[in-house]
Amino acid sequence: MGDSRTALGPLELVEGIWVVGDSGRPGGSWLEFREEGMYRRARDGDGELIPWSRIMLGIAVYVGRGYPSHGQYTVAGLLGNVPGPLRAHGRGHLDVTLRHPYGDHKLTFDRHPRAYRVGETFLLEELLSQVVAAKEAHRLGDPDWLGRAVGRLEPLGPWLTRRNINEAVKEACWG
């Protein structure tokens with residue numbers, strides 16, 4: 001497996017920092033994986049740093065507005081993957097549970113002009129969840145470590161199962 005990938009669904013390497021969402025969109029929102037924590041850049045220009053030590057449980061990845069009734073994509077999120085005027089419109093979010101104080105947070109991002117392959121979104125969610133569950137969330141702020149893990153997650157083809165996604169991520173992170 002190679003180590004040269006620079007994107008996995010909405011996660012992308014930008015100037016040495018891993019970013020979820022389109023950081024090049026003026027007035028947009030995105031999340032940066034920094035050494036000290038996850039930095040949320042909001043549409044209004046404000047930012048918020050969430051230290052890695054505050055993130056607990058797993059991280060869910062959704063593409064599209066709201067909460068889909070099934071899976072990681074809303075109808076609008078899926079339409080953003082087809083060619084035409086709807087391409088690259090819309091948002092997504094990460095659902096995270098934080099401690100001190102405890103609570104669930106919805107961290108929004110603007111989607112890229114490129115399509116997000118559904119399998120890559122599943123792989124990204126599994127990657128984030130496994131790293132947090134292993135109490136190693138700080139590794140997400142290490143661009144080299146995350147780059148190696150993303151680089152090892154080669155496409156699994158059209159027959160994705162929860163088991164082969166889980167195993168591929170385990171191998172990419174800890175193997």
# chains A, B, ... in the order shown; residues from 1 in each chain; ligands from 1

call {"tool": "select_by_dssp", "arguments": {"residues": "chain A", "states": "alpha helix (DSSP H)", "output": "ChimeraX atom specification"}}
result
/A:75-79,118-133,143-152,162-174

call {"tool": "residues_around", "arguments": {"residues": "segment 29-45 of chain A", "least_positions_apart": "2", "cutoff": "12 Å", "atoms": "only C-alpha atoms", "output": "number ranges by chain"}}
result
A: 10-27, 47-55, 90-94, 96, 98, 105-112, 128, 136-147

call {"tool": "atom_distance", "arguments": {"atom1": "atom CA of Gly151 of chain A", "atom2": "atom CA of Gly175 of chain A"}}
result
13.2 Å

call {"tool": "atom_distance", "arguments": {"atom1": "atom CA of Arg152 of chain A", "atom2": "atom CA of Met56 of chain A"}}
result
24.7 Å

call {"tool": "atom_distance", "arguments": {"atom1": "atom CA of Glu125 of chain A", "atom2": "atom CA of Asp46 of chain A"}}
result
25.6 Å
